[in-house]
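As structure tokens, the structure follows; a few thoughts come after it.
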Amino acid sequence: LKPSTRRPDSGQPGPGRLGGTGAPRVVSLLTDYGLADGFAGALHSVLRAHLPQVPIVDLTHEVRPQDVRAGSLALKRVAPYLADGVVIAIVDPGVGTQRRAVAVQAAEADLTFVGPDNGLLVPALEALGGPALAVELENPTYQLASPGPTFAGRDIFAPAAAYLVGGGDIGALGRQVDPGTLARLPPSVCRERDGAYEVEVTWVDRFGNVQLAAGADALAVLAGPAGHVTVAPPGNGGSTWPARAVHTYGDLTPGELGILVDSYGHLAMCLNGASAANRLGTGEQDVLVLRPALREPACSPRSSPGPRPASDGDL
Amino acid sequence: LKPSTRRPDSGQPGPGRLGGTGAPRVVSLLTDYGLADGFAGALHSVLRAHLPQVPIVDLTHEVRPQDVRAGSLALKRVAPYLADGVVIAIVDPGVGTQRRAVAVQAAEADLTFVGPDNGLLVPALEALGGPALAVELENPTYQLASPGPTFAGRDIFAPAAAYLVGGGDIGALGRQVDPGTLARLPPSVCRERDGAYEVEVTWVDRFGNVQLAAGADALAVLAGPAGHVTVAPPGNGGSTWPARAVHTYGDLTPGELGILVDSYGHLAMCLNGASAANRLGTGEQDVLVLRPALREPACSPRSSPGPRPASDGDL
Amino acid sequence: LKPSTRRPDSGQPGPGRLGGTGAPRVVSLLTDYGLADGFAGALHSVLRAHLPQVPIVDLTHEVRPQDVRAGSLALKRVAPYLADGVVIAIVDPGVGTQRRAVAVQAAEADLTFVGPDNGLLVPALEALGGPALAVELENPTYQLASPGPTFAGRDIFAPAAAYLVGGGDIGALGRQVDPGTLARLPPSVCRERDGAYEVEVTWVDRFGNVQLAAGADALAVLAGPAGHVTVAPPGNGGSTWPARAVHTYGDLTPGELGILVDSYGHLAMCLNGASAANRLGTGEQDVLVLRPALREPACSPRSSPGPRPASDGDL
């Protein structure tokens, strides 16, 4: 069970678990299919042709095309909240090649993940106790015949999920594989050096919030009593931005750059009503450098309409 | 009950009500979350973790980010058609601040709205008889613990909706607040002056139709027997466009600008197969000036391939 | 029943049919409404106000606005996988005019299509044995009253679908019409001439794959033992690109143009991890010319980082 969440017997609601009824189980979908081409609709069609009433959650279909890393992080973010059942996750540049198609049970949740073995699934599994059992999807009985191999979601993953959520035995789908052999992506950059943090941007959301590969503990180290840090985007001539540690966006004055602990427990750079990503000129996979601000920045948020880049020497 | 629609006992089908079965109740969602980030998927996950089979309607998640007014109008448009149950509406620039989170029952429909108290909910409520009962969502028993306060949809609104649609008592969610204190947005501009109408653009849809804050009665005043009006977009040097009153898009010749009563009872400017918003160079919240066309416009739709701007003196 | 798929009694899974339970029936939606305006949400609301638990599949709402041909091809692609029940398909430039609104039963599937009679429905119907029975939707008892005629999806098609999926008799919706009078679009271009194929682009997907109006048999004719063809996009000065026949994207080296049989049985041009449509500078409805490559192209994929345009004489 997930810490403080996957405890059906506790009276306490936790993330994604308010009490629960136990049945029926849910199929959740995360893909890079987009919504224009009918790929996601075909998954739904295959699932509902088999099980018309199966509950389906579209986590997202707008992972950046073929960006396995972005998909893996999106799946990890929602992992503590997933409804019990089966997750189909597909970002699959190697579709139709020798990369394995797998179904993997999580150790500490009633969740089985179905998708390509390319690193997409493992971060979410690790957030749920790690992979407990994995099989390779190789039994054609539970696949749809197809004139070409380029739509594994429709022909392999959705049929496997329908079989599993309908109560089928995972062992029937193919031979077991060692969970230790599942492909893994390199971890996101997060390193402390001389009191500064080099942290990778793990996500830029629709509102321009810049999530970082660091948690609340890093902010405790970085932000002194004054609660200020500086952030240096990459490739910006060494200039830095001052940012104030806040609780939520609305604590910021217009134009003031903030840093907070977001609702996933990550640090995130933000503005109130504007895009921090645009302000910093940064994007996913960039590595930012965060440093403690030794004193109140010269360009105090309240004395100027907004932060401006400042060289390290200014602070 | 909504006029002519919310009458379960009547044999007449009305908007959103063809007979109905009474149970189970539906959760409808309207947000500015977009579909790329997994925010909407997290709402679904929390709802289905608690109630796997709850029917969910995604009204839209593509409200322009943080545009409370646009969200409130979108919610009002669909209000007469909502399935009975709970509506989660979230456009929430003040998330995590002192703005209240509320649940509000409509007076004349089996609908409870859950969302921020920032003006988003009131126009839809007023279309359903007004707010009858409101509570502030402050009971942590029905909220999910979170490392940060920036995702109230997942942590406050979805759990409250799950509780309500599952049959919970609204009074358990927090203390009652006076419905008269709910935040309201300024009304859209619609004023008659010297036989002309100044009307705000309330919506530009995907097809470029320009919905206005005026109804069929205004068209009756404006369009004489010939059924023509002129429209002046703002900031266009006083030039105006002729438009013909029609029943539907297909009544227009290619390039001809039309005005009709749309399926929401609003006036709307339109073209046949093209964008009236692009033609007029206008967008939401602009104020257009509509005047009766005293005689057939010089550039008759049938004698020229399309309307061109004309000064007021021409008409 | 569809060949090899719609055989509930067979033990063999086929496309869209893994066993099936028979009830309840599903409503599938395909429109050009987009997801921003709440149009699709209004369809869901009307359906769920009547039948809260009806299973709904969103095939796509992102058909290019008013592109009836693109919508008809998208519907045809998913036809073999549709869950039994009712399909609402709406790409409807003629909404509110004299174009008929129809409900049409497929001859060889438990599927009724509801939508405008403008050519949108027929290709999918033909993939399912053809239209067996058609009625015009003219009974106002099964329509919602509306101030304007511009939202037939909400006011005519969704109520008809709710009635049908709830077990209503199609004959109550209006008078029967001769299925032979249903509007049809011109077929896509696919002609062989002197050993070359002129084929229309039927689809460019999110990944830039270029689906063509030809099947595996054409590739057998075109690609000799070496498995190479050349492709000439329109309006490109007669230059051509070499392409290699492959099984899946991952068989291609970076930058190498490929041709394969896709998961719909169509030929498709592709690149590994990049957009073939961008490479070829082509889009939907273009007509490409495919020719056998008489010998290994001069710019072999392995000896150069990627194909370059070559005149016919080079090959």
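In the structure tokens, the first chain shown is A, the next is B, and so on; residue numbers restart at 1 for each chain, and ligands run from 1 in the order shown.
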DSSP on the backbone: which residues in segment 257-288 of chain C end up as strand (DSSP E)? Give the answer as number ranges by chain. C: 258-261, 266-270, 287-288
Serialized selection, all heavy atoms, as a compact mmCIF listing (two decimals), in the first residue's frame:
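The result, written out as again.txt:
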```
# COMPACT_ATOMS: atom_id res chain seq x y z
N GLY C 258 10.62 5.70 -45.36
CA GLY C 258 10.12 4.35 -45.49
C GLY C 258 8.71 4.31 -46.04
O GLY C 258 8.00 5.32 -46.07
N ILE C 259 8.34 3.14 -46.51
CA ILE C 259 6.94 2.89 -46.89
C ILE C 259 6.56 1.55 -46.27
O ILE C 259 7.35 0.59 -46.31
CB ILE C 259 6.74 2.92 -48.42
CG1 ILE C 259 5.26 2.79 -48.77
CG2 ILE C 259 7.59 1.88 -49.13
CD1 ILE C 259 4.94 3.12 -50.23
N LEU C 260 5.37 1.52 -45.66
CA LEU C 260 4.96 0.29 -45.00
C LEU C 260 3.45 0.12 -45.12
O LEU C 260 2.74 1.02 -45.58
CB LEU C 260 5.39 0.29 -43.52
CG LEU C 260 5.07 1.49 -42.64
CD1 LEU C 260 3.61 1.69 -42.40
CD2 LEU C 260 5.80 1.35 -41.30
N VAL C 261 2.99 -1.05 -44.77
CA VAL C 261 1.56 -1.30 -44.65
C VAL C 261 1.19 -0.95 -43.21
O VAL C 261 1.70 -1.54 -42.27
CB VAL C 261 1.21 -2.77 -44.96
CG1 VAL C 261 -0.28 -2.99 -44.81
CG2 VAL C 261 1.69 -3.14 -46.35
N HIS C 266 -3.44 0.22 -45.09
CA HIS C 266 -3.07 1.19 -46.11
C HIS C 266 -1.55 1.29 -46.22
O HIS C 266 -0.83 1.06 -45.25
CB HIS C 266 -3.60 2.58 -45.74
CG HIS C 266 -5.04 2.81 -46.05
ND1 HIS C 266 -5.46 3.73 -46.98
CD2 HIS C 266 -6.15 2.24 -45.55
CE1 HIS C 266 -6.78 3.72 -47.03
NE2 HIS C 266 -7.24 2.83 -46.17
N LEU C 267 -1.07 1.66 -47.40
CA LEU C 267 0.32 2.09 -47.49
C LEU C 267 0.48 3.42 -46.78
O LEU C 267 -0.43 4.26 -46.77
CB LEU C 267 0.74 2.24 -48.96
CG LEU C 267 0.74 0.97 -49.80
CD1 LEU C 267 1.45 1.24 -51.12
CD2 LEU C 267 1.42 -0.17 -49.04
N ALA C 268 1.67 3.62 -46.20
CA ALA C 268 1.97 4.89 -45.55
C ALA C 268 3.45 5.18 -45.69
O ALA C 268 4.29 4.28 -45.58
CB ALA C 268 1.57 4.86 -44.07
N MET C 269 3.75 6.46 -45.97
CA MET C 269 5.14 6.93 -45.96
C MET C 269 5.49 7.32 -44.53
O MET C 269 4.66 7.89 -43.82
CB MET C 269 5.31 8.16 -46.86
CG MET C 269 4.69 8.05 -48.26
SD MET C 269 5.37 6.73 -49.28
CE MET C 269 7.12 7.11 -49.19
N CYS C 270 6.73 7.04 -44.11
CA CYS C 270 7.09 7.32 -42.72
C CYS C 270 8.57 7.56 -42.58
O CYS C 270 9.37 7.26 -43.46
CB CYS C 270 6.67 6.15 -41.83
SG CYS C 270 7.38 4.57 -42.33
N VAL C 287 -1.90 14.31 -54.26
CA VAL C 287 -1.74 13.05 -54.99
C VAL C 287 -0.25 12.83 -55.23
O VAL C 287 0.42 13.66 -55.85
CB VAL C 287 -2.52 13.08 -56.32
CG1 VAL C 287 -2.22 11.81 -57.14
CG2 VAL C 287 -4.02 13.19 -56.05
N LEU C 288 0.26 11.74 -54.68
CA LEU C 288 1.67 11.38 -54.86
C LEU C 288 1.80 10.35 -55.98
O LEU C 288 0.87 9.60 -56.26
CB LEU C 288 2.24 10.77 -53.57
CG LEU C 288 2.04 11.55 -52.27
CD1 LEU C 288 2.81 10.87 -51.14
CD2 LEU C 288 2.47 13.00 -52.41
```
Just want the 8 Å neighbourhood of Val87 of chain A, counted on only C-alpha atoms, with same-chain residues fewer than 2 positions away dropped. Output as a CSV table (one decimal) with all heavy atoms, in the first residue's frame.
```
chain,number,residue,atom,x,y,z
A,27,VAL,N,-9.8,1.2,-15.9
A,27,VAL,CA,-8.7,1.3,-16.9
A,27,VAL,C,-8.3,2.8,-17.0
A,27,VAL,O,-9.2,3.6,-17.4
A,27,VAL,CB,-9.1,0.7,-18.3
A,27,VAL,CG1,-7.9,0.8,-19.2
A,27,VAL,CG2,-9.5,-0.8,-18.1
A,28,SER,N,-7.1,3.1,-16.7
A,28,SER,CA,-6.6,4.5,-16.9
A,28,SER,C,-5.6,4.5,-18.1
A,28,SER,O,-4.8,3.5,-18.3
A,28,SER,CB,-5.8,4.9,-15.7
A,28,SER,OG,-6.7,4.9,-14.6
A,29,LEU,N,-5.7,5.6,-18.9
A,29,LEU,CA,-4.9,5.7,-20.1
A,29,LEU,C,-4.0,6.9,-20.1
A,29,LEU,O,-4.4,8.0,-19.8
A,29,LEU,CB,-5.8,5.8,-21.3
A,29,LEU,CG,-7.0,4.8,-21.5
A,29,LEU,CD1,-7.8,5.2,-22.7
A,29,LEU,CD2,-6.5,3.4,-21.6
A,30,LEU,N,-2.7,6.7,-20.5
A,30,LEU,CA,-1.8,7.8,-20.7
A,30,LEU,C,-1.0,7.5,-22.0
A,30,LEU,O,-0.4,6.5,-22.1
A,30,LEU,CB,-0.9,7.9,-19.5
A,30,LEU,CG,0.2,9.0,-19.6
A,30,LEU,CD1,0.4,9.7,-18.2
A,30,LEU,CD2,1.5,8.5,-20.2
A,85,GLY,N,-7.0,-0.9,-10.6
A,85,GLY,CA,-7.3,-1.5,-11.9
A,85,GLY,C,-6.0,-1.6,-12.8
A,85,GLY,O,-5.0,-2.0,-12.3
A,89,ALA,N,-0.2,2.6,-20.6
A,89,ALA,CA,0.7,3.8,-20.8
A,89,ALA,C,1.4,3.5,-22.1
A,89,ALA,O,2.1,2.5,-22.3
A,89,ALA,CB,1.6,4.0,-19.7
A,111,LEU,N,-2.7,-2.4,-8.9
A,111,LEU,CA,-2.5,-1.7,-10.2
A,111,LEU,C,-1.6,-2.6,-11.0
A,111,LEU,O,-0.5,-3.0,-10.6
A,111,LEU,CB,-2.0,-0.3,-10.0
A,111,LEU,CG,-3.0,0.8,-9.6
A,111,LEU,CD1,-2.2,2.0,-9.1
A,111,LEU,CD2,-3.8,1.1,-10.8
A,112,THR,N,-2.0,-2.8,-12.3
A,112,THR,CA,-1.2,-3.5,-13.3
A,112,THR,C,-0.9,-2.5,-14.4
A,112,THR,O,-1.9,-1.9,-14.9
A,112,THR,CB,-1.8,-4.8,-13.8
A,112,THR,OG1,-2.0,-5.6,-12.7
A,112,THR,CG2,-0.9,-5.4,-14.8
A,113,PHE,N,0.3,-2.3,-14.8
A,113,PHE,CA,0.6,-1.4,-15.9
A,113,PHE,C,0.9,-2.1,-17.1
A,113,PHE,O,1.7,-3.1,-17.1
A,113,PHE,CB,1.9,-0.5,-15.5
A,113,PHE,CG,1.6,0.4,-14.4
A,113,PHE,CD1,1.5,0.0,-13.1
A,113,PHE,CD2,1.5,1.8,-14.7
A,113,PHE,CE1,1.3,0.9,-12.0
A,113,PHE,CE2,1.2,2.7,-13.6
A,113,PHE,CZ,1.1,2.3,-12.3
A,114,VAL,N,0.3,-1.7,-18.2
A,114,VAL,CA,0.5,-2.4,-19.5
A,114,VAL,C,1.1,-1.3,-20.5
A,114,VAL,O,0.6,-0.2,-20.6
A,114,VAL,CB,-0.9,-2.8,-20.1
A,114,VAL,CG1,-0.8,-3.3,-21.5
A,114,VAL,CG2,-1.4,-3.9,-19.1
A,161,ALA,N,-5.3,-5.2,-21.5
A,161,ALA,CA,-6.0,-4.5,-20.4
A,161,ALA,C,-7.4,-5.0,-20.2
A,161,ALA,O,-7.9,-5.2,-19.1
A,161,ALA,CB,-5.9,-3.0,-20.6
```
Would you kindly return, as a PyMOL selection string, each protein, DNA or RNA residue with an atom no farther than 8 Å from any atom of Thr230 of chain C, considering only C-alpha atoms and excluding same-chain residues fewer than 2 positions away? chain C and resi 228+232+240-243+290-293
Output of the above residues as a PDB file, in the first residue's frame, restricted to N, CA and C atoms:
```pdb
ATOM      1  N   HIS C 228      12.412  -1.298 -52.851  1.00  0.00           N
ATOM      2  CA  HIS C 228      12.508   0.151 -52.872  1.00  0.00           C
ATOM      3  C   HIS C 228      11.504   0.739 -53.854  1.00  0.00           C
ATOM      4  N   ALA C 232       7.053  10.787 -55.635  1.00  0.00           N
ATOM      5  CA  ALA C 232       7.115  12.163 -56.139  1.00  0.00           C
ATOM      6  C   ALA C 232       5.946  12.941 -55.574  1.00  0.00           C
ATOM      7  N   THR C 240      12.061  13.403 -57.015  1.00  0.00           N
ATOM      8  CA  THR C 240      11.488  12.248 -56.312  1.00  0.00           C
ATOM      9  C   THR C 240      12.358  11.888 -55.120  1.00  0.00           C
ATOM     10  N   TRP C 241      11.757  11.109 -54.218  1.00  0.00           N
ATOM     11  CA  TRP C 241      12.460  10.626 -53.037  1.00  0.00           C
ATOM     12  C   TRP C 241      12.489   9.104 -53.079  1.00  0.00           C
ATOM     13  N   PRO C 242      13.635   8.521 -52.726  1.00  0.00           N
ATOM     14  CA  PRO C 242      13.647   7.063 -52.583  1.00  0.00           C
ATOM     15  C   PRO C 242      13.074   6.680 -51.222  1.00  0.00           C
ATOM     16  N   ALA C 243      12.411   5.535 -51.195  1.00  0.00           N
ATOM     17  CA  ALA C 243      11.854   5.047 -49.930  1.00  0.00           C
ATOM     18  C   ALA C 243      12.009   3.534 -49.891  1.00  0.00           C
ATOM     19  N   LEU C 290       3.962   7.086 -57.004  1.00  0.00           N
ATOM     20  CA  LEU C 290       4.895   6.054 -56.550  1.00  0.00           C
ATOM     21  C   LEU C 290       5.343   5.228 -57.742  1.00  0.00           C
ATOM     22  N   ARG C 291       6.656   4.985 -57.826  1.00  0.00           N
ATOM     23  CA  ARG C 291       7.196   4.167 -58.909  1.00  0.00           C
ATOM     24  C   ARG C 291       8.147   3.132 -58.338  1.00  0.00           C
ATOM     25  N   PRO C 292       8.269   1.997 -59.024  1.00  0.00           N
ATOM     26  CA  PRO C 292       9.290   1.038 -58.577  1.00  0.00           C
ATOM     27  C   PRO C 292      10.670   1.672 -58.712  1.00  0.00           C
ATOM     28  N   ALA C 293      11.544   1.391 -57.775  1.00  0.00           N
ATOM     29  CA  ALA C 293      12.944   1.819 -57.899  1.00  0.00           C
ATOM     30  C   ALA C 293      13.685   0.686 -58.578  1.00  0.00           C
TER      31      ALA C 293
END
```
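Among A:Gly130, A:Gly153, A:Pro65, A:Pro24, the residue with the shortest atom-to-atom distance to chain C, counting only C-alpha atoms, is A:Pro65.
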Output as CSV one row per residue of chain B within 8 Å of chain A: the closest atom pair and its distance in Å to one decimal place, counting only C-alpha atoms, sorted by chain and residue number ascending.
```
residue,atom,partner,partner_atom,distance
B:Tyr33,CA,A:Arg206,CA,7.3
B:Gly34,CA,A:Arg206,CA,7.0
B:Leu35,CA,A:Thr60,CA,6.2
B:Ala36,CA,A:Glu62,CA,4.6
B:Asp37,CA,A:Asp205,CA,6.1
B:Gly38,CA,A:Thr60,CA,5.3
B:Phe39,CA,A:Leu59,CA,8.0
B:Ala40,CA,A:Leu59,CA,7.1
B:Gly41,CA,A:Leu59,CA,3.8
B:Ala42,CA,A:Val78,CA,6.3
B:His44,CA,A:Val57,CA,6.1
B:Ser45,CA,A:Leu82,CA,5.3
B:Val46,CA,A:Gly16,CA,4.6
B:Leu47,CA,A:Gly16,CA,7.8
B:Arg48,CA,A:Ala83,CA,5.8
B:Ala49,CA,A:Ala83,CA,4.1
B:His50,CA,A:Gly20,CA,4.4
B:Leu51,CA,A:Gly20,CA,6.4
B:Pro52,CA,A:Pro55,CA,6.3
B:Gln53,CA,A:Pro55,CA,5.9
B:Pro65,CA,A:Phe207,CA,7.0
B:Gln66,CA,A:Gly273,CA,7.4
B:Pro93,CA,A:Gly273,CA,6.8
B:Gly94,CA,A:Gly250,CA,5.6
B:Val95,CA,A:Gly250,CA,7.2
B:Gly96,CA,A:Thr248,CA,5.8
B:Thr97,CA,A:Gly250,CA,6.0
B:Thr141,CA,A:Pro13,CA,7.1
B:Tyr142,CA,A:Pro13,CA,7.3
B:Gln143,CA,A:Pro13,CA,7.6
B:Leu144,CA,A:Gly14,CA,5.5
B:Ala145,CA,A:Gly14,CA,6.5
B:Ser146,CA,A:Ser263,CA,5.9
B:Pro147,CA,A:Gly265,CA,5.1
B:Gly148,CA,A:Ser263,CA,4.2
B:Pro149,CA,A:Ser263,CA,6.0
B:Thr150,CA,A:Ser263,CA,5.6
B:Phe151,CA,A:Ser263,CA,5.9
B:Asp155,CA,A:Pro15,CA,7.7
B:Pro159,CA,A:Leu18,CA,7.5
```
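Atom CA of Thr202 of chain A sits 7.4 Å away from atom CA of Leu73 of chain A.
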Can you tell me, as a VMD selection string, what residues are no more than 12 Å from Arg100 of chain A when counting only C-alpha atoms, ignoring any on the same chain fewer than 3 positions away? chain A and resid 92 94 to 97 103 to 104 114 to 119 134 to 138 152 156 to 157 174 to 177 181 to 183
Selected residues written out with C-alpha atoms, as a CSV table (one decimal), in the first residue's frame:
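Once everything was written out, this is part_26.csv:
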```csv
chain,number,residue,atom,x,y,z
A,92,ASP,CA,6.4,4.0,-27.9
A,94,GLY,CA,10.0,1.4,-30.9
A,95,VAL,CA,6.5,0.0,-31.7
A,96,GLY,CA,6.7,-3.1,-33.7
A,97,THR,CA,10.4,-3.7,-33.1
A,103,ALA,CA,2.3,-6.1,-18.2
A,104,VAL,CA,3.7,-5.3,-14.7
A,114,VAL,CA,0.5,-2.4,-19.5
A,115,GLY,CA,2.8,-0.8,-22.1
A,116,PRO,CA,6.2,-0.8,-23.8
A,117,ASP,CA,9.3,-1.8,-21.9
A,118,ASN,CA,11.2,1.4,-22.6
A,119,GLY,CA,11.4,3.1,-19.3
A,134,ALA,CA,6.1,-8.8,-15.0
A,135,VAL,CA,5.1,-10.7,-18.1
A,136,GLU,CA,5.9,-10.2,-21.8
A,137,LEU,CA,2.7,-9.8,-23.9
A,138,GLU,CA,3.3,-12.5,-26.5
A,152,ALA,CA,0.2,-1.8,-30.5
A,156,ILE,CA,-1.9,-5.5,-28.1
A,157,PHE,CA,-2.2,-3.2,-25.0
A,174,GLY,CA,2.9,-14.5,-21.8
A,175,ARG,CA,6.1,-15.7,-20.1
A,176,GLN,CA,7.3,-14.0,-16.9
A,177,VAL,CA,10.3,-11.7,-17.1
A,181,THR,CA,15.4,-6.3,-16.4
A,182,LEU,CA,12.8,-3.7,-17.1
A,183,ALA,CA,14.3,-0.7,-19.0
```
